[in-house]
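Enquirer: Sharing a structure here in C-alpha cells format.
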Amino acid sequence: MLVAVLVPTAILEGLLRDDVVWRPVALVLAVGLVWTFLWRRTHPLLAVAVAFGAVIAGSIASLIGADGPVGLYTMASMVLLSYSLVRWGAGREVGIGLAIILVALVLGVAEDFTGVVDALLGSVFLLFPATLGAAVRYRSASRLRELDQVKLREREQLARELHDTVAHHVSAIVVRAQAGRIVAASHREAALDALEVIEGQALRTLAELRIMVGGLREDEAPALAPQPVLADLERLAHTVGDRPRVEVDLSGDLDDLRPSVGAAIYRIAQESITNAVRHARHATRIDVSVAGDDDCVRLTVRDDGDASSTGRSSLGYGLVGMTERATLLGGSFEAGPGPDRGWTVNAVLPREGAAR
C-alpha cells in the first residue's frame with residue numbers, strides 16, 4: 001500500500017514542481033527509495049542503509065555544487081524506516097542504523113540550515129518515529145512475557161495434577177507388590193493376580209508420564225485437596241449462585257477418563273463459567289455441556305448475555321491458559337461470540353490425553 005501510494009505521488013511531484021533541483025536525479029531517487037519499504041520488517045538495517053545512504057549522497061552533492069537540496073518532499077516518508085529499524089531490528093542493527101540516520105540528519109541540517117528552531121524541529125520529526133518504535137517494541141515484549149507467564153502457570157498446574165495421578169498409581173503398585181510378595185509362597189494364583197494389577201497400574205502411570213509437561217515449581221505450600229473430576233461440575237454450578245443460573249448436562253461415555261483429561265475439562269469449564277459471570281452483561285443462564293464418545297470428550301459452555309459484550313477478547317489471559325491446557329493434552333479450544341447472543345466456548349480433548 002505504501003508503494004502504491006508513494007510512487008505515483010513522487011512521480012507527480014517530480015513532474016509538476018517548478019523548484020526541483022536536478023529533476024531527473026531527484027525523481028529517480030525518490031521513486032527508487034520508496035521500494036525500500038518492502039524490506040522494512042524483514043531487513044530493517046538494509047532498508048535504512050540504502051535509503052539514508054542515498055539521502056547522505058544527495059546532501060553531499062548539494063553541499064558540493066547543487067543550487068539547493070536534491071530531493072522531493074515525498075522523501076520525508078523515509079522517517080517510517082527509523083520506526084521500523086527500532087521496532088524490528090536486532091540490537092547491533094539498531095545501533096548501526098541510528099548512526100546512519102544521525103549522519104543523514106547532520107548533513108541535512110548543514111545542507112539547508114534555516115535556524116536552530118527549524119533544526120530542532122527537523123530532528124524531532126526524524127527521530128520521533130524511532131522513539132515510538134522503541135515504545136511499541138517494549139510493550140510487545142512485555143505482552144509476550146506476560147503470555148509466557150500465563151502458559152507457564154497453566155503447565156505447572158497441569159504438572160501438579162498429573163503428579164497426583166502418578167503418585168496414586170505408584171502407591172497402588174507398592175501395596176500390590178508387598179501383598180504379592182507375602183502370598184507368593186503359599187498362594188501362587190494370588191501373586192499372579194497382584195502382578196497383573198501391578199502391570200496395569202504401571203502402564204497407566206507410564207501413559208500419564210508421557211503427557212506430563214516439565215516445569216519448575218514455585219516455592220509454595222502443596223495443594224492437599226484432590227484434583228477435580230467431572231463429577232465436581234455439579235458442585236461447581238451450585239457455588240455460582242442464582243444469577244446467572246448454571247445448568248450442567250453430562251452425557252455419553254464419561255467413564256474411565258484419564259484423570260488429566262477429567263481435570264482439564266473441569267478447569268476449562270470453571271474458567272469459562274467465571275468469565276461468563278464476570279463479563280456477560282444481562283446474562284441469566286450459563287449452559288455447560290459435556291459429551292463423551294469413543295475417541296474424545298467435548299465441552300461446550302455458552303451464556304445468553306448481550307451480544308455486544310466485549311470484555312472477553314481473544315487476547316485474554318484466561319483464554320490463553322485454557323488454550324494452553326487443551327493443546328498440551330492434544331485437544332483443541334475455541335471461544336467467541338455465539339451465533340445469536342452471548343459467548344460460546346468449545347473444547348475437544350482426546351480420551352487418552354495424547355500429547356502433541
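Following the order of the C-alpha cells, first chain is A, next is B, and so on, with residues numbered from 1 inside each chain and ligands from 1 in the order they appear.
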Please provide the set of residues having any atom within 10 Å of Thr284 of chain A, restricted to only C-alpha atoms, with same-chain residues fewer than 2 positions apart removed, written as a VMD selection string.

Expert: chain A and resid 242 to 246 277 280 to 282 286 303 to 305

Enquirer: Calculate how many Å separate atom CA of Trp35 of chain A from atom CA of Val3 of chain A, rounding to one decimal.

Expert: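 Separation of atom CA of Trp35 of chain A and atom CA of Val3 of chain A: 6.4 Å.
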
Enquirer: Grab the atom CA of Gly14 of chain A to atom CA of Gly32 of chain A distance for me, in Å with one decimal place.

Expert: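 If I compute the distance from atom CA of Gly14 of chain A to atom CA of Gly32 of chain A, I get 12.7 Å.
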
Enquirer: So which bits of segment 223-350 of chain A end up strand (DSSP E or B) when you DSSP the backbone, as a ChimeraX atom specification?

Expert: /A:245-252,285-292,296-303,332-337,343-350

Enquirer: For atom CA of Leu33 of chain A and atom CA of Val136 of chain A, determine how far apart the two atoms are, in Å to one decimal place.

Expert: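 The value is 24.9 Å.
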